[in-house]
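Report on the structure given below.
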Amino acid sequence: MSPPVAPPGWSRWLVPPAALSVHLSIGQAYAWSVFKPPLESALGLSGTQSALPFQLGIVMLGLSAAFGGTLVERNGPRWAMTVALICFSSGFLLSALGAATEQYWLIVFGYGFVGGIGLGIGYISPVSTLIKWFPDRPGMATGIAIMGFGGGALIASPWSAQMLDSFGSDSSGIALAFLVHGLSYAVFMLLGVLLVRVPRSEKPVESAPSAFEGPQVSARNAVRTPQFWCLWVVLCMNVTAGIGILEKAAPMITDFFKETSTPVSVSASAGFVALLSAANMAGRIGWSSTSDLIGRKNIYRVYLGVGAVMYGLIALFGDSSKPLFILCALVILSFYGGGFATIPAYLKDLFGAYQVGAIHGRLLTAWSTAGVLGPLIVNWIADRQEDAGKSGAALYGLSFVIMIGLLVVGFVANELVRPVSARHHIPAPREAADVAVRQQPESA
């Protein structure tokens, strides 16, 4: 399949909305915590069990992005968005069947495995194309699209909560909510499939540099460099720290203030999830755009260093001040989102745009690892502390100390990043030939 090439005069500003339609849809994954309490009640699950579909979805996101990255580069964004639409919507339909029949394994398989493939392919589908359309502002461009993934829960969280209120929180109500999600997202993602285009040439904007200027490194060579693995550790640590709060956001804030004079209601906890989603979304465009000005390494120093301080404040004072708890959580989630949005531009700076989509896909295996680590650390420790008779903020203290340690590890890994050695660069003639092949559709 040849990627759809933009006709003469096509505005590059039509491409971010196409990316947003996909990312806003698959960003529903961040609203999974809204379904956790109903599933636990309807199917008799523990907190660790109810997190499994989300965890598997993030694992499959990383694996499908890693294995599908080269296919996305070869077949183009429309092919990738179509695959994402089919898998993501099918995952919800299978989950609806699982909830209706009270077969939890089918929810895990549908939402986690099948839907997770849609997450991964959909997530990387526009990244390489956006970097080629916006070589002058790669951080901003990828931030706009990836902002949608962070903001998906801003829509899905209240929408899902309202559906569960209307349909009921028993197994049949959950099934109907899953069904509506699957059908609605299929329609919305179709907009991106129809709208997306690739640029006709290396320089879509005459005044901007070519996306292919500077050293270029293939995906195969990139994974052999220490820079790739340093960034892998950076992303994994940053994601683990953020996703631990995000996956358990609603029950966490309830637990923190359950034994205080200002307990948090169910509706307020859903509002907290939406607030975190807004911070996640704002961080993706705000911090990634800032990285175009101050550099990628400096912005990751902020994410990891200040993030560790925020976790420390929550651990020490979180249960004594609701505004402090919420503020620190919002900052952590803004760094979490910013880390995701900035990493494609960081990769482009180090490895060039030659196969940046495929390199990005391989790097997202760090997200798969973090998708297991973050929820596992928080849920497992909370379950063990509860078994030991503890309650409230005491359920999470040890988890937060671990998160601080992980962020320090990520900070050190970021400091070790250096320019890629020339021995990993691809020869210029080969690069030029490959670029020519990619541009053939425009003359067809």
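Labels used: A, B, ... for chains in the order of the structure tokens, numbers from 1 for residues in each chain, and numbers from 1 for ligands as shown.
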Next on the checklist: I'd like to know which residues of segment 66-310 of chain A are alpha helix (DSSP H) (by DSSP, run on the backbone); could you write them as a ChimeraX atom specification?
Outcome noted: /A:66-75,77-101,104-107,115-124,127-133,138-167,171-195,219-222,226-247,249-256,266-294,296-301,307-310
Checklist entry - Neighbours of Val223 of chain A within 12 Å (only C-alpha atoms; same-chain residues fewer than 3 positions away dropped), as a PyMOL selection string? => result chain A and resi 66+217-220+226-232+347+351+355-356+358-363+365+420+424
Checklist entry - If you count only C-alpha atoms, which residues fall within 12 Å of Ser321 of chain A, apart from same-chain ones fewer than 6 positions away, as a PyMOL selection string? => result chain A and resi 253+256-257+260-263+313-315+327-328+393
Next on the checklist: Show me, as an MDAnalysis selection string, the residues that have an atom within 6 Å of Gly62 of chain A when counting only C-alpha atoms, minus same-chain residues fewer than 5 positions from it.
Outcome noted: chainID A and resid 364:365 367:368
Deliver the residues from the most recent selection as a file, using N, CA and C atoms, as a short mmCIF file (atom, residue, chain, number, x, y, z; two decimals), in the first residue's frame.
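For reference, part15.cif as written:
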data_model
loop_
_atom_site.label_atom_id
_atom_site.label_comp_id
_atom_site.auth_asym_id
_atom_site.auth_seq_id
_atom_site.Cartn_x
_atom_site.Cartn_y
_atom_site.Cartn_z
N LEU A 364 9.42 2.05 22.57
CA LEU A 364 8.20 1.96 23.36
C LEU A 364 8.08 0.63 24.12
N THR A 365 9.03 -0.31 23.89
CA THR A 365 9.07 -1.48 24.76
C THR A 365 9.34 -1.05 26.21
N TRP A 367 7.83 1.39 27.56
CA TRP A 367 6.48 1.65 28.05
C TRP A 367 5.82 0.33 28.47
N SER A 368 6.06 -0.74 27.68
CA SER A 368 5.52 -2.06 28.04
C SER A 368 6.02 -2.47 29.41
#
Checklist entry - In terms of the shortest atom-to-atom distance over only C-alpha atoms, which of A:Thr129, A:Thr101, A:Thr290, A:Thr70 is closest to Val5 of chain A? => result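 Using only C-alpha atoms, Val5 of chain A sits closest to A:Thr129.
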Checklist entry - Using only C-alpha atoms, which residues sit within 12 Å of Ala422 of chain A once same-chain residues fewer than 5 positions away are excluded, as an NGL selection string? => result :A and (214-217 or 221-222 or 225 or 350-351 or 427-428)
